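To start, the structure itself, in structure tokens.
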Amino acid sequence: MFSFRLCGLLLLAALLPHPATAQEAWPQRPLRLVVPYPPGGVTDGFGRLAAEWLAQRLAQPVVVENRSGASGALAIDHVMASRADGYTLLVSSNSQLVFQQVAGRPTYEPLRDLQPISIMGRNPAVLAVRAELGVATLPAFVALLRAAPGKYDYSSAGAGGASHLAMVLFTQVTGTSMQHVPYRGGVPAMQDLLAGVVAAHAAAPSDALPHVTGGRIRLLATTGDKRLPGAPDVPTMAEAGYPQMSLFMWNSLLAPLGTPAPILARLEREIRAACADAAFQAGLARLGAEPVCGSTAEMVETLRTETPMWREVVRTAGLTFD
């Protein structure tokens, strides 16, 4: 005899979500990529490139949301407070994930409060100086600084960020001193170099190269391990006599802590596939970056390696941050 009670139980079971099915169905709506800088900079460029790639691969719109302020902490705090469901992600640089850990007083720790997914790409810095200084080479610039300790200043994309600590390391290895002027992002930092407000800036190549032909700035050296394709006459720091100045700025994808493992694995796979795509590679080249698209384990190892190295740079410089 047919049981109405059994029928009801079967119907209820059919209506309940199945955990595996729910995970397999992701994503079912648009995603947000939160960027801790204003539009126009390198990290924003990485965010838009990742958004375009993931939208194609996931068949869902991916929207970039710029949340600048507090050296990136506003964006990171927002992502940490978001639901860990795979629909809110963070595109961030080593400025927030490494440099702020050793230079600032952040409200977060990347390996404790966020879920790293992949370092997408990296780019060297390029030392750009105001043309009116009258120096055309790195040795000439170093001589100028040594002749007038503390007289000249440099801009950065924010206190404790990559462009700031790159210049701190530069003054350490060259035995010089300069004044620091922080800005909210690389774009305004470059704008004031172009305006003659500051003397130097450790810039992303994509921020500096478009302005070289105007004659207002000169590029003295790159911190990469090879010369820039867009500026083959600019030597590396190692070629100029300062191998300790080999460093890169990198940008990565992260998720809120607690994001389901299958979603994280899918995102890692999609980002790792990106660097084999010609259009994605071309987008990185426009940003002055080279592909990485490493594994989650590799990103975790990078964080564990670079953080103590830069902590020593900050300690040696005697820097304090409010």
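Letters for chains follow the order of the structure tokens (A, B, ...), residue numbers begin at 1 for each chain, and ligand numbers begin at 1 in the order shown.
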**Message:** When you look at Ser118 (chain A) with a cut-off of 9 Å (counting only C-alpha atoms), what residues show up, excluding the ones that are within fewer than 5 positions of it in the same chain? I need them as an MDAnalysis selection string.
**Reply:** chainID A and resid 251:254 267:268 271:272 292:300
Based on the selection just made, write C-alpha atoms of those residues as a short mmCIF file (atom, residue, chain, number, x, y, z; two decimals), in the first residue's frame.
```cif
data_model
loop_
_atom_site.label_atom_id
_atom_site.label_comp_id
_atom_site.auth_asym_id
_atom_site.auth_seq_id
_atom_site.Cartn_x
_atom_site.Cartn_y
_atom_site.Cartn_z
CA ASN A 251 49.94 40.76 -8.01
CA SER A 252 47.83 37.85 -6.89
CA LEU A 253 44.32 36.48 -6.42
CA LEU A 254 42.96 35.67 -2.96
CA LEU A 267 40.04 29.30 -9.41
CA GLU A 268 43.63 28.06 -9.12
CA ILE A 271 44.46 31.26 -13.25
CA ARG A 272 47.18 28.71 -13.97
CA VAL A 292 53.71 33.64 -13.20
CA CYS A 293 50.31 31.97 -12.63
CA GLY A 294 51.81 29.78 -9.94
CA SER A 295 50.16 27.31 -7.62
CA THR A 296 48.64 28.13 -4.26
CA ALA A 297 51.52 26.32 -2.55
CA GLU A 298 54.04 28.46 -4.43
CA MET A 299 52.27 31.65 -3.38
CA VAL A 300 52.26 30.54 0.25
#
```
**Message:** Can you tell me, as a ChimeraX atom specification, which residues in region 68-304 of chain A count as helix (DSSP H, G or I) by DSSP?
**Reply:** /A:70-81,94-103,110-113,131-133,138-147,162-174,186-194,205-214,243-245,261-274,278-286,296-304
Which polymer residues have any atom within 8 Å of an atom of Val102 (chain A), counting only C-alpha atoms, with same-chain residues fewer than 6 positions away left out, as a PDB file with N, CA and C atoms, in the first residue's frame?
```pdb
ATOM      1  N   GLY A 160      54.874  52.295   3.317  1.00  0.00           N
ATOM      2  CA  GLY A 160      55.011  50.879   3.586  1.00  0.00           C
ATOM      3  C   GLY A 160      54.748  49.981   2.407  1.00  0.00           C
ATOM      4  N   THR A 307      58.529  37.860   3.429  1.00  0.00           N
ATOM      5  CA  THR A 307      58.166  38.671   4.589  1.00  0.00           C
ATOM      6  C   THR A 307      59.334  38.871   5.547  1.00  0.00           C
ATOM      7  N   PRO A 308      60.049  37.835   5.976  1.00  0.00           N
ATOM      8  CA  PRO A 308      61.182  38.094   6.880  1.00  0.00           C
ATOM      9  C   PRO A 308      62.317  38.863   6.213  1.00  0.00           C
ATOM     10  N   TRP A 310      62.049  41.332   4.003  1.00  0.00           N
ATOM     11  CA  TRP A 310      61.713  42.752   4.037  1.00  0.00           C
ATOM     12  C   TRP A 310      61.587  43.284   5.462  1.00  0.00           C
ATOM     13  N   ARG A 311      61.253  42.410   6.394  1.00  0.00           N
ATOM     14  CA  ARG A 311      61.234  42.849   7.792  1.00  0.00           C
ATOM     15  C   ARG A 311      62.630  43.308   8.222  1.00  0.00           C
ATOM     16  N   VAL A 314      63.312  46.842   6.872  1.00  0.00           N
ATOM     17  CA  VAL A 314      62.635  47.855   7.692  1.00  0.00           C
ATOM     18  C   VAL A 314      63.372  48.046   9.021  1.00  0.00           C
TER      19      VAL A 314
END
```
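Minimum distance to Ala157 (chain A) across A:Pro124, A:Gly241, A:Pro36, A:Gly45 (counting only C-alpha atoms) occurs at A:Pro36.
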**Within 10 Å of Gln101 (chain A) using only C-alpha atoms, minus same-chain residues under 3 positions, as a VMD selection string** = chain A and resid 94 to 98 104 to 110 160 to 161 307 to 308 310 to 311
**Request:** Give me the residues within 12 Å of Gly283 (chain A) as a list of chain:residue names, counting only C-alpha atoms and dropping any in the same chain fewer than 6 places off.
**Result:**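 Here the qualifying residues turn out to be A:Val42, A:Gly45, A:Phe46, A:Gly47, A:Arg48, A:Leu49, A:Ala50, A:Ala51, A:Glu52, A:Trp53, A:Met120, A:Gly121, A:Ser206, A:Ala274, A:Cys275, A:Asp277, A:Ala289, A:Glu290, A:Pro291.
Minimum atom-to-atom distance to Val129 (chain A), evaluated using only C-alpha atoms, belongs to A:Leu194 out of A:Leu194, A:Ala103, A:Leu145, A:Ala73.
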**Prompt:** Please, what distance in Å, to one decimal, runs between CA of Leu220 (chain A) and CA of Leu138 (chain A)?
**Reply:**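 So the two atoms, CA of Leu220 (chain A) and CA of Leu138 (chain A), lie 5.3 Å apart.
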**Message:** Which residue is closest to Met237 (chain A)? Choose from A:Thr259, A:Ser92, A:Thr43, A:Thr174 and count only C-alpha atoms.
**Reply:**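 Looking only at the distances to Met237 (chain A), the closest residue turns out to be A:Thr174.
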**Message:** What's the separation between CA of Ser71 (chain A) and CA of Leu114 (chain A), in Å to one decimal place?
**Reply:**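 Computed distance, CA of Ser71 (chain A) to CA of Leu114 (chain A), equals 17.0 Å.
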